[in-house]
Each structure stands twice: as C-alpha cells, then as structure tokens.
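Heads up, the thing below is written out as structure tokens.
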Amino acid sequence: MAKTDHSRVAALFDAAREGDRAALDELVSLLTPLLWQVARDQGLDADQAADVVQTTWLRLLGSFAEIRSPVALTGWLITVTKREAWRAGEKRQVERPLPELPERLSEAVPAPEEGVLRDDQRARLWRAVDNLPERCRSLLRIVAFVHRPDYAEVGARLGMPRGSIGPTRGRCLARLREQLLANGEGDWL
C-alpha cells in the first residue's frame, strides 16, 4: 500500500470514528480484500476466512477509542486478522471429527509386521538425525516436537538469525533425506 493510501486510510478511519458511516463503508471496501488474503494465507478455507475477516471488523468497531495512530490502522487490522486466523485454525484442529469405527475389530488392529516396520523406520530416521551436525539435530528436533515454534525463540536458543531458520531447516531436511536414501534400507518415498 502506497504512502498516500495510508493517509487515505487514516482519514477514513478518523471520519468513521466520528460517526461517518460512508467513511466506514469505504474503509471496509478498501481493506477487506487485503484482510481476506491474509486470512487465506494462514491456511483457512473460504468460510473460515469470511468469519475471521468479519471478526476483525467487529474488533475494530470495539476498539475505535483505543487506536491512537490511524496511520498504523492497516498493520493493526493485519495483526488482528492473523491472530483470529490462528485461533480459527487451532479450533479447527480441536474440532476434527472422530474417525469412523471399522465394521470388525480385526480391521482396526494393524498387523504385527506393520508395527515392526514402523518402529524400524522410526529408529532408522532418528539414527540418521543423530548423524547430522549439532545445529541440524537441534533444529530438526524442535521442528518435530514443537507445534508452531516461535522463530524468534528458536533463533535465540540456537544462536541463529530469525531469517535463516527456514533456509537452514530446508538444508538440514535435504541432508537428512540424502542420508536416508543413501542408506538403501527400507522405503522412504
């Protein structure tokens, strides 16, 4: 958004805060596509994104008096949209439907050889991780066991700049894959 757009948003917000309904409608029309994209970028489907965007606008209406810098309104709306999208995503994970029960109990119990193969594959995976450099081992363990790790905290803990965590993770995973495929034991595809 260009600098003049921020000024326009600020002017519309000030007018809306003073009760100008047309200014609020224009503000909603101007920024809803951006908020919609932010919500969709967080992995929400269309219905969830619509709910999140609506919740964001409702939060704005309840926060008119608290917003001191109308020029920063777009950033505030984006932050609220992301937080609401994360909440919606977490709620979606909690509300997953239970799997259907099988017709016969024998269908639900995996064959013993499947458990042995899974355990063997898991053991080979972690042996391969143990053969990686310390930085990769630490980073991959965090990625494997921490739900949505905070990159700032990960960077501080591992002594890495926040922006290098993603590329480093990619290189570490590529190394791990090379080791697993070079080993030739079992199927890793």
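Chain labels follow the order of the structure tokens: the first chain is A, the next B, and so on; residue numbering restarts at 1 in every chain, and ligands are counted from 1 in their shown order.
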Within 12 Å of region 14-30 of chain A using only C-alpha atoms, minus same-chain residues under 2 positions, as a compact mmCIF listing (two decimals) with N, CA and C atoms, in the first residue's frame:
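New file around-v3.txt:
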```txt
# COMPACT_ATOMS: atom_id res chain seq x y z
N MET A 1 0.85 -1.17 0.00
CA MET A 1 0.00 0.00 0.00
C MET A 1 0.90 1.23 0.00
N ASP A 5 -2.00 5.93 0.31
CA ASP A 5 -3.09 5.04 0.73
C ASP A 5 -3.19 5.02 2.26
N HIS A 6 -2.04 5.03 2.95
CA HIS A 6 -2.06 5.05 4.41
C HIS A 6 -2.72 6.34 4.90
N SER A 7 -2.43 7.44 4.22
CA SER A 7 -3.06 8.71 4.59
C SER A 7 -4.57 8.64 4.36
N ARG A 8 -4.96 8.05 3.25
CA ARG A 8 -6.39 7.90 2.94
C ARG A 8 -7.07 7.01 3.99
N VAL A 9 -6.42 5.90 4.34
CA VAL A 9 -6.97 5.01 5.37
C VAL A 9 -7.11 5.76 6.68
N ALA A 10 -6.10 6.53 7.05
CA ALA A 10 -6.14 7.29 8.29
C ALA A 10 -7.29 8.29 8.27
N ALA A 11 -7.47 8.99 7.14
CA ALA A 11 -8.55 9.97 7.04
C ALA A 11 -9.92 9.28 7.13
N LEU A 12 -10.06 8.15 6.45
CA LEU A 12 -11.33 7.40 6.51
C LEU A 12 -11.60 6.91 7.92
N THR A 32 -10.94 -4.88 3.00
CA THR A 32 -11.40 -6.26 3.11
C THR A 32 -10.64 -7.21 2.18
N PRO A 33 -10.36 -6.86 0.92
CA PRO A 33 -9.59 -7.80 0.08
C PRO A 33 -8.22 -8.14 0.68
N LEU A 34 -7.56 -7.18 1.27
CA LEU A 34 -6.26 -7.43 1.91
C LEU A 34 -6.43 -8.37 3.10
N LEU A 35 -7.42 -8.10 3.94
CA LEU A 35 -7.65 -8.94 5.11
C LEU A 35 -8.06 -10.35 4.70
N TRP A 36 -8.83 -10.46 3.65
CA TRP A 36 -9.24 -11.76 3.13
C TRP A 36 -7.99 -12.56 2.72
N VAL A 53 -12.45 -12.43 8.85
CA VAL A 53 -12.49 -11.04 8.40
C VAL A 53 -13.62 -10.29 9.10
N GLN A 54 -14.77 -10.93 9.23
CA GLN A 54 -15.90 -10.30 9.92
C GLN A 54 -15.55 -10.03 11.38
N THR A 56 -12.60 -9.55 12.59
CA THR A 56 -11.61 -8.47 12.60
C THR A 56 -12.31 -7.11 12.56
N TRP A 57 -13.28 -6.97 11.66
CA TRP A 57 -14.00 -5.69 11.58
C TRP A 57 -14.78 -5.42 12.86
N LEU A 58 -15.36 -6.44 13.45
CA LEU A 58 -16.07 -6.24 14.72
C LEU A 58 -15.10 -5.81 15.82
N LEU A 60 -12.44 -4.08 15.36
CA LEU A 60 -12.13 -2.67 15.11
C LEU A 60 -13.22 -1.77 15.67
N LEU A 61 -14.47 -2.15 15.44
CA LEU A 61 -15.57 -1.32 15.94
C LEU A 61 -15.51 -1.20 17.47
N GLY A 62 -15.09 -2.25 18.13
CA GLY A 62 -14.97 -2.20 19.58
C GLY A 62 -13.70 -1.53 20.07
N SER A 63 -12.81 -1.19 19.15
CA SER A 63 -11.51 -0.62 19.55
C SER A 63 -11.28 0.79 19.00
N PHE A 64 -12.30 1.43 18.49
CA PHE A 64 -12.14 2.77 17.92
C PHE A 64 -11.37 3.70 18.85
N ALA A 65 -11.75 3.73 20.10
CA ALA A 65 -11.15 4.68 21.05
C ALA A 65 -9.72 4.31 21.40
N GLU A 66 -9.37 3.04 21.31
CA GLU A 66 -8.03 2.58 21.72
C GLU A 66 -6.96 2.82 20.67
N ILE A 67 -7.34 2.99 19.41
CA ILE A 67 -6.36 3.15 18.34
C ILE A 67 -5.92 4.60 18.30
N ARG A 68 -4.65 4.80 18.63
CA ARG A 68 -4.12 6.16 18.72
C ARG A 68 -3.49 6.65 17.43
N SER A 69 -3.05 5.71 16.58
CA SER A 69 -2.37 6.09 15.35
C SER A 69 -3.14 5.56 14.14
N PRO A 70 -4.05 6.35 13.59
CA PRO A 70 -4.83 5.90 12.44
C PRO A 70 -3.95 5.50 11.25
N VAL A 71 -2.76 6.08 11.12
CA VAL A 71 -1.86 5.73 10.02
C VAL A 71 -1.43 4.27 10.12
N LEU A 73 -3.33 1.84 11.14
CA LEU A 73 -4.54 1.02 11.18
C LEU A 73 -4.40 -0.26 10.34
N THR A 74 -3.83 -0.16 9.16
CA THR A 74 -3.71 -1.34 8.30
C THR A 74 -2.90 -2.43 8.99
N LEU A 77 -5.01 -4.04 11.70
CA LEU A 77 -6.01 -4.95 11.14
C LEU A 77 -5.37 -6.26 10.68
```
Practice item. Please provide as a ChimeraX atom specification all residues within 12 Å of Glu153 (chain A), with the sequence filter that same-chain residues fewer than 5 positions apart are discarded (counting only C-alpha atoms). Key: /A:139,142,146,148,158-162,165
Practice item. Output as a VMD selection string all residues of chain A that backbone DSSP marks as alpha helix (DSSP H). Key: chain A and resid 3 to 17 21 to 41 46 to 61 73 to 94 105 to 108 112 to 130 134 to 145 151 to 158 165 to 183
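Note that CA of Leu117 (chain A) and CA of Cys172 (chain A) are 24.7 Å apart.
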Check your understanding: When you draw a straight line from CA of Gln42 (chain A) to CA of Ala156 (chain A), how long is it in Å?
Key -> 24.6 Å
Practice item. Find the spatial neighbours of Val38 (chain A), counting only C-alpha atoms, within a cut-off of 8 Å - ignore same-chain residues fewer than 6 positions away - and output them as a VMD selection string. Key: chain A and resid 78 81 to 82
Review point. Out of A:Asn183, A:Gln48, A:Gln37, A:Ser138, which residue has the shortest atom-to-atom distance to Gly89 (chain A) when counting only C-alpha atoms?
Key: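 For Gly89 (chain A), the nearest of the candidates is A:Gln48.
Note that the spacing between CA of Ala128 (chain A) and CA of Gly166 (chain A) amounts to 20.3 Å.
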